[in-house]
Amino acid sequence: MGYRVVVAGATGNVGREMLNILAEREFPVDEIAALASRKSLGTEVSFGDKTLTTKDLDTFDFTGWDIALFAVGSDATKIYAPKAAAAGCVVIDNSSLYRYDPQVPLIVPEVNADAIEGYKAKNIIANPNCSTAQMVVALKPLHDRARIKRVVVSTYQSVSGAGKAGIDELWDQTKGIYVPGQEVAPSKFTKQIAFNVIPHIDVFMEDGSTKEEWKMVAETKKILDTKVKVTATCVRVPVFVGHSESINIEFEDFLDEEEARDILREAPGVLVVDKREPGGYITPVECVGDYATYISRIRQDSTIDNGLNLWCVSDNLRKGAALNAVQIAEVLGNRCLKKG
């Protein structure tokens, strides 16, 4: 006996990827419903070799459904997630709405799967920010060995993190630069994204950081360890899919780069590609469509006593969003719901 699964926001980039990954990983689905807003009602989406027609999120009855994967943004989630949860359907939410709620577990299965039991408080589980998810997968096994004191991270985040509008703007601007009369002014982004980088993701906060940077700090503490200090600079780059991060880590204990490399090679969800030669590292283009979080450029930081640097790359639509949500569903099923 399998699960009755709902994907809300099934016509968006993340929703479509959720359907793809549920099929790829052969999640035990007895019945599946693809939900969308009324403007996308009737749109067809793929689930493995099946074609699903979207149903209206506004009128959908969640009674009798087991798991709902939400990829609809915070405003819609605020309306529909409590309805689904009250009907007995466990919500796994990709928005930021519930991430900082102490009664809602924030889960990256490779890092804190044991926190899954906390779903019973509200029948809701939060999926972390895409940039946080890949970073904590890399940090967890190293933290277990040498205890992390401080993390300094700079991100290089793809435009797909801003949705279809971000992808379209990069595509149209790039074409417009080469075709006179087809220039495209910034709309989704604050400045030109084609052939440029923008050190601004989400809104600015009072201390000068952006909300994306604040999210990485708050979420890392909740998922990994409240004692870890984190400072982040988040940058949008002209890449369609795949987030990259330059991570500097300070440990309580000394950790040799060779041992760190061996630890990461054995870590769940991690693939190490780290040859000290031209091309001996992973770039965003190479990670697209893969499940893994890739680690390269592992090296000692000689400016502090117990420091390492590394380069971290992952498909943000997968590990940063859809894959992590499906992995949460797998943990929920195996440990708590126990069907299928």
# chains A, B, ... in the order shown; residues from 1 in each chain; ligands from 1
$ residues_around --residues "Pro186 of chain A" --least-positions-apart "2" --cutoff "12 Å" --atoms "only C-alpha atoms" --output "number ranges by chain"
A: 165-166, 168-174, 176, 183-184, 188-194, 196, 198
$ write_last_selection --atoms "C-alpha atoms" --output "compact mmCIF listing (two decimals), in the first residue's frame"
# COMPACT_ATOMS: atom_id res chain seq x y z
CA ALA A 165 10.97 35.10 -14.53
CA GLY A 166 14.65 35.04 -13.56
CA ASP A 168 13.56 34.43 -18.88
CA GLU A 169 15.25 37.71 -17.97
CA LEU A 170 18.76 36.27 -18.31
CA TRP A 171 17.84 34.66 -21.63
CA ASP A 172 16.16 37.76 -23.06
CA GLN A 173 18.85 40.17 -21.87
CA THR A 174 21.63 38.01 -23.27
CA GLY A 176 19.14 41.61 -26.52
CA GLU A 183 17.53 45.23 -25.45
CA VAL A 184 15.75 44.23 -22.22
CA LYS A 188 12.99 40.73 -12.08
CA PHE A 189 16.47 41.79 -10.97
CA THR A 190 17.63 45.20 -9.75
CA LYS A 191 20.36 45.51 -12.37
CA GLN A 192 21.35 43.83 -15.63
CA ILE A 193 22.00 40.13 -14.96
CA ALA A 194 23.40 39.20 -18.38
CA ASN A 196 27.04 40.72 -14.73
CA ILE A 198 24.48 41.30 -8.52
$ closest_atom_pairs --of "segment 70-160 of chain A" --to "segment 283-289 of chain A" --cutoff "12 Å" --atoms "only C-alpha atoms" --output "JSON lines"
{"residue": "A:Tyr156", "atom": "CA", "partner": "A:Pro284", "partner_atom": "CA", "distance": 9.6}
{"residue": "A:Gln157", "atom": "CA", "partner": "A:Pro284", "partner_atom": "CA", "distance": 9.6}
{"residue": "A:Ser158", "atom": "CA", "partner": "A:Pro284", "partner_atom": "CA", "distance": 8.6}
{"residue": "A:Val159", "atom": "CA", "partner": "A:Pro284", "partner_atom": "CA", "distance": 11.9}
{"residue": "A:Ser160", "atom": "CA", "partner": "A:Val288", "partner_atom": "CA", "distance": 11.6}
$ write_last_selection --atoms "N, CA and C atoms" --output "short mmCIF file (atom, residue, chain, number, x, y, z; two decimals), in the first residue's frame"
data_model
loop_
_atom_site.label_atom_id
_atom_site.label_comp_id
_atom_site.auth_asym_id
_atom_site.auth_seq_id
_atom_site.Cartn_x
_atom_site.Cartn_y
_atom_site.Cartn_z
N TYR A 156 27.23 32.04 -5.18
CA TYR A 156 27.14 32.40 -6.59
C TYR A 156 25.87 31.71 -7.09
N GLN A 157 24.72 32.40 -6.95
CA GLN A 157 23.43 31.74 -7.10
C GLN A 157 22.82 31.97 -8.48
N SER A 158 22.33 30.89 -9.08
CA SER A 158 21.78 30.94 -10.43
C SER A 158 20.44 31.65 -10.47
N VAL A 159 20.05 32.07 -11.65
CA VAL A 159 18.81 32.83 -11.81
C VAL A 159 17.57 31.97 -11.62
N SER A 160 17.69 30.65 -11.74
CA SER A 160 16.51 29.79 -11.52
C SER A 160 16.03 29.86 -10.08
#
$ residues_around --residues "segment 112-128 of chain A" --least-positions-apart "5" --cutoff "7 Å" --atoms "only C-alpha atoms" --output "JSON, numbers by chain"
{"A": [85, 90, 91, 92, 93, 94, 98, 99, 103, 104, 105, 106, 107, 133, 219, 223, 325, 332]}
$ write_last_selection --atoms "N, CA, C and O atoms" --output "compact mmCIF listing (two decimals), in the first residue's frame"
# COMPACT_ATOMS: atom_id res chain seq x y z
N ALA A 85 -3.02 20.55 6.44
CA ALA A 85 -2.59 19.97 7.71
C ALA A 85 -3.78 19.61 8.59
O ALA A 85 -3.80 18.55 9.24
N VAL A 90 0.11 15.63 5.72
CA VAL A 90 1.36 16.24 6.17
C VAL A 90 1.93 17.11 5.05
O VAL A 90 2.15 16.64 3.93
N VAL A 91 2.17 18.38 5.36
CA VAL A 91 2.68 19.34 4.38
C VAL A 91 4.20 19.41 4.47
O VAL A 91 4.76 19.58 5.56
N ILE A 92 4.87 19.30 3.32
CA ILE A 92 6.30 19.56 3.22
C ILE A 92 6.43 20.81 2.36
O ILE A 92 6.16 20.79 1.16
N ASP A 93 6.80 21.92 2.99
CA ASP A 93 6.68 23.24 2.38
C ASP A 93 8.02 23.78 1.93
O ASP A 93 8.97 23.86 2.71
N ASN A 94 8.08 24.21 0.67
CA ASN A 94 9.32 24.74 0.11
C ASN A 94 9.47 26.25 0.30
O ASN A 94 10.53 26.80 0.03
N TYR A 98 7.43 28.77 7.13
CA TYR A 98 7.48 28.02 8.40
C TYR A 98 8.90 27.68 8.86
O TYR A 98 9.07 27.03 9.89
N ARG A 99 9.90 28.12 8.13
CA ARG A 99 11.27 27.68 8.43
C ARG A 99 11.75 28.07 9.83
O ARG A 99 12.54 27.36 10.43
N GLN A 103 7.94 25.31 16.19
CA GLN A 103 7.10 24.11 16.21
C GLN A 103 7.13 23.35 14.89
O GLN A 103 6.46 22.32 14.76
N VAL A 104 7.89 23.84 13.93
CA VAL A 104 7.98 23.20 12.61
C VAL A 104 9.41 22.76 12.36
O VAL A 104 10.32 23.60 12.35
N PRO A 105 9.65 21.45 12.18
CA PRO A 105 11.02 21.01 11.89
C PRO A 105 11.50 21.49 10.53
O PRO A 105 10.73 21.52 9.57
N LEU A 106 12.76 21.89 10.47
CA LEU A 106 13.43 22.32 9.24
C LEU A 106 14.44 21.24 8.92
O LEU A 106 15.42 21.06 9.66
N ILE A 107 14.22 20.50 7.84
CA ILE A 107 14.92 19.23 7.64
C ILE A 107 15.81 19.22 6.40
O ILE A 107 15.37 19.60 5.30
N ALA A 133 20.73 24.48 2.08
CA ALA A 133 20.64 23.02 2.01
C ALA A 133 21.95 22.39 1.58
O ALA A 133 22.46 21.47 2.22
N GLU A 219 19.01 29.51 9.32
CA GLU A 219 18.70 28.12 8.99
C GLU A 219 19.85 27.18 9.34
O GLU A 219 19.63 26.06 9.80
N ILE A 223 19.33 23.98 11.71
CA ILE A 223 19.54 22.63 11.17
C ILE A 223 20.78 21.96 11.77
O ILE A 223 20.74 20.79 12.15
N ALA A 325 12.84 17.99 -0.67
CA ALA A 325 11.45 17.78 -0.27
C ALA A 325 11.06 16.31 -0.41
O ALA A 325 10.39 15.74 0.48
N LEU A 332 9.88 10.69 6.20
CA LEU A 332 8.58 10.71 6.86
C LEU A 332 7.87 9.37 6.69
O LEU A 332 7.30 8.84 7.66
$ closest_residue --among "A:Thr53, A:Asn306, A:Asn324, A:Asn13" --to "Leu41 of chain A" --atoms "only C-alpha atoms"
A:Thr53
$ closest_atom_pairs --of "segment 250-335 of chain A" --to "segment 58-77 of chain A" --cutoff "9 Å" --atoms "only C-alpha atoms" --output "tab-separated table"
residue	atom	partner	partner_atom	distance
A:Ala321	CA	A:Ala71	CA	8.8
A:Ala322	CA	A:Ala71	CA	8.7
A:Ala325	CA	A:Leu69	CA	7.0
A:Val326	CA	A:Leu69	CA	8.0
A:Ala329	CA	A:Ile67	CA	7.4
$ write_last_selection --atoms "all heavy atoms" --output "mmCIF file, in the first residue's frame"
data_model
loop_
_atom_site.group_PDB
_atom_site.id
_atom_site.type_symbol
_atom_site.label_atom_id
_atom_site.label_comp_id
_atom_site.auth_asym_id
_atom_site.auth_seq_id
_atom_site.Cartn_x
_atom_site.Cartn_y
_atom_site.Cartn_z
ATOM 1 N N ALA A 321 15.820 22.230 -3.483
ATOM 2 C CA ALA A 321 14.370 22.387 -3.408
ATOM 3 C C ALA A 321 13.663 21.040 -3.535
ATOM 4 O O ALA A 321 13.309 20.411 -2.545
ATOM 5 C CB ALA A 321 13.899 23.352 -4.499
ATOM 6 N N ALA A 322 13.453 20.583 -4.775
ATOM 7 C CA ALA A 322 12.590 19.431 -5.015
ATOM 8 C C ALA A 322 13.137 18.131 -4.443
ATOM 9 O O ALA A 322 12.415 17.356 -3.811
ATOM 10 C CB ALA A 322 12.353 19.280 -6.518
ATOM 11 N N ALA A 325 12.838 17.989 -0.673
ATOM 12 C CA ALA A 325 11.448 17.777 -0.268
ATOM 13 C C ALA A 325 11.057 16.309 -0.405
ATOM 14 O O ALA A 325 10.387 15.737 0.477
ATOM 15 C CB ALA A 325 10.524 18.661 -1.097
ATOM 16 N N VAL A 326 11.453 15.678 -1.503
ATOM 17 C CA VAL A 326 11.129 14.264 -1.707
ATOM 18 C C VAL A 326 11.889 13.395 -0.697
ATOM 19 O O VAL A 326 11.342 12.416 -0.161
ATOM 20 C CB VAL A 326 11.433 13.832 -3.155
ATOM 21 C CG1 VAL A 326 11.255 12.321 -3.322
ATOM 22 C CG2 VAL A 326 10.533 14.582 -4.131
ATOM 23 N N ALA A 329 10.017 13.461 2.399
ATOM 24 C CA ALA A 329 8.862 12.565 2.283
ATOM 25 C C ALA A 329 9.272 11.112 2.501
ATOM 26 O O ALA A 329 8.541 10.337 3.143
ATOM 27 C CB ALA A 329 8.201 12.742 0.924
#
$ atom_distance --atom1 "atom CA of Arg236 of chain A" --atom2 "atom CA of His200 of chain A"
6.9 Å
$ residues_around --residues "Leu52 of chain A" --least-positions-apart "6" --cutoff "12 Å" --atoms "only C-alpha atoms" --output "list of chain:residue names"
A:Val6, A:Val7, A:Ala10, A:Thr11, A:Arg16, A:Leu19, A:Glu31, A:Ile32, A:Ala33, A:Ala34, A:Leu35, A:Ala36, A:Leu41, A:Gly42, A:Thr43, A:Glu44, A:Val45, A:Ser46
$ closest_residue --among "A:Pro82, A:Pro268, A:Gly161, A:Pro278" --to "Ser244 of chain A" --atoms "only C-alpha atoms"
A:Gly161
$ closest_residue --among "A:Phe27, A:Tyr3, A:Tyr291, A:Tyr80" --to "Gly242 of chain A" --atoms "only C-alpha atoms"
A:Tyr291
$ closest_residue --among "A:Ile263, A:Ala162, A:Leu337, A:Ala185" --to "Gly12 of chain A" --atoms "only C-alpha atoms"
A:Ala162
$ residues_around --residues "Leu264 of chain A" --least-positions-apart "6" --cutoff "7 Å" --atoms "only C-alpha atoms" --output "PyMOL selection string"
chain A and resi 141+270+272
$ closest_residue --among "A:Arg145, A:Glu110, A:Phe47, A:Ser314" --to "Ile328 of chain A" --atoms "only C-alpha atoms"
A:Glu110
$ closest_residue --among "A:Pro180, A:Asp49, A:Phe251, A:Asn129" --to "Ser95 of chain A" --atoms "only C-alpha atoms"
A:Asn129
$ residues_around --residues "Val228 of chain A" --least-positions-apart "5" --cutoff "10 Å" --atoms "only C-alpha atoms" --output "ChimeraX atom specification"
/A:143,147-151,217,220-222,250-251
$ select_by_dssp --residues "segment 227-334 of chain A" --states "helix (DSSP H, G or I)" --output "count of residues only"
31
$ atom_distance --atom1 "atom CA of Val230 of chain A" --atom2 "atom CA of Phe195 of chain A"
29.3 Å
$ residues_around --residues "Lys275 of chain A" --least-positions-apart "4" --cutoff "12 Å" --atoms "only C-alpha atoms" --output "CSV table (one decimal) with all heavy atoms, in the first residue's frame"
chain,number,residue,atom,x,y,z
A,261,ARG,N,38.9,15.5,3.2
A,261,ARG,CA,38.6,15.0,1.9
A,261,ARG,C,38.1,13.5,2.0
A,261,ARG,O,37.1,13.2,1.4
A,261,ARG,CB,39.9,15.0,1.0
A,261,ARG,CG,39.6,14.8,-0.5
A,261,ARG,CD,40.8,15.1,-1.4
A,261,ARG,NE,41.2,16.5,-1.4
A,261,ARG,CZ,42.2,17.0,-0.9
A,261,ARG,NH1,43.0,16.3,-0.1
A,261,ARG,NH2,42.4,18.3,-1.0
A,279,GLY,N,40.6,21.9,-14.6
A,279,GLY,CA,39.4,21.2,-14.8
A,279,GLY,C,39.1,20.1,-13.7
A,279,GLY,O,38.1,19.4,-13.8
A,280,GLY,N,39.9,20.1,-12.7
A,280,GLY,CA,39.8,19.1,-11.6
A,280,GLY,C,38.8,19.5,-10.5
A,280,GLY,O,39.1,19.2,-9.4
A,281,TYR,N,37.7,20.1,-10.9
A,281,TYR,CA,36.7,20.6,-10.0
A,281,TYR,C,35.4,20.6,-10.7
A,281,TYR,O,35.3,20.5,-11.9
A,281,TYR,CB,37.1,22.0,-9.5
A,281,TYR,CG,37.7,22.9,-10.6
A,281,TYR,CD1,36.8,23.5,-11.6
A,281,TYR,CD2,39.0,23.0,-10.8
A,281,TYR,CE1,37.3,24.2,-12.6
A,281,TYR,CE2,39.5,23.7,-11.9
A,281,TYR,CZ,38.7,24.3,-12.8
A,281,TYR,OH,39.2,25.0,-13.9
A,282,ILE,N,34.3,20.8,-10.0
A,282,ILE,CA,33.0,20.9,-10.6
A,282,ILE,C,32.5,22.3,-10.7
A,282,ILE,O,32.7,23.1,-9.8
A,282,ILE,CB,32.0,20.0,-9.7
A,282,ILE,CG1,32.3,18.5,-9.9
A,282,ILE,CG2,30.5,20.3,-10.1
A,282,ILE,CD1,32.0,17.9,-11.2
A,295,ILE,N,31.8,18.7,-4.0
A,295,ILE,CA,32.8,19.4,-3.2
A,295,ILE,C,34.1,19.4,-4.0
A,295,ILE,O,34.6,18.3,-4.3
A,295,ILE,CB,33.0,18.9,-1.8
A,295,ILE,CG1,31.6,18.8,-1.0
A,295,ILE,CG2,34.0,19.7,-1.0
A,295,ILE,CD1,30.9,20.1,-0.8
A,296,SER,N,34.7,20.5,-4.1
A,296,SER,CA,36.0,20.7,-4.8
A,296,SER,C,36.9,21.7,-4.0
A,296,SER,O,36.4,22.3,-3.1
A,296,SER,CB,35.8,21.2,-6.2
A,296,SER,OG,35.0,20.3,-7.0
A,297,ARG,N,38.1,21.8,-4.4
A,297,ARG,CA,39.0,22.8,-3.9
A,297,ARG,C,39.2,22.8,-2.4
A,297,ARG,O,39.3,23.8,-1.7
A,297,ARG,CB,38.6,24.2,-4.4
A,297,ARG,CG,38.5,24.5,-5.8
A,297,ARG,CD,39.8,24.5,-6.6
A,297,ARG,NE,40.9,25.2,-5.9
A,297,ARG,CZ,41.0,26.5,-5.9
A,297,ARG,NH1,40.2,27.3,-6.5
A,297,ARG,NH2,42.1,27.0,-5.2
A,298,ILE,N,39.3,21.6,-1.8
A,298,ILE,CA,39.5,21.4,-0.4
A,298,ILE,C,40.9,21.8,-0.1
A,298,ILE,O,41.8,21.1,-0.6
A,298,ILE,CB,39.1,20.0,0.1
A,298,ILE,CG1,37.7,19.6,-0.3
A,298,ILE,CG2,39.3,19.8,1.6
A,298,ILE,CD1,37.4,18.2,-0.3
A,299,ARG,N,41.1,22.7,0.8
A,299,ARG,CA,42.5,23.1,1.1
A,299,ARG,C,42.6,23.8,2.5
A,299,ARG,O,41.6,24.4,3.0
A,299,ARG,CB,43.1,24.0,0.1
A,299,ARG,CG,42.3,25.3,-0.1
A,299,ARG,CD,42.5,25.9,-1.5
A,299,ARG,NE,41.9,27.2,-1.6
A,299,ARG,CZ,40.6,27.5,-1.8
A,299,ARG,NH1,39.7,26.5,-1.9
A,299,ARG,NH2,40.1,28.7,-2.0
$ select_by_dssp --residues "segment 25-201 of chain A" --states "strand (DSSP E)" --output "ChimeraX atom specification"
/A:29-36,44-47,50-53,55-56,67-70,90-93,124-126,148-157
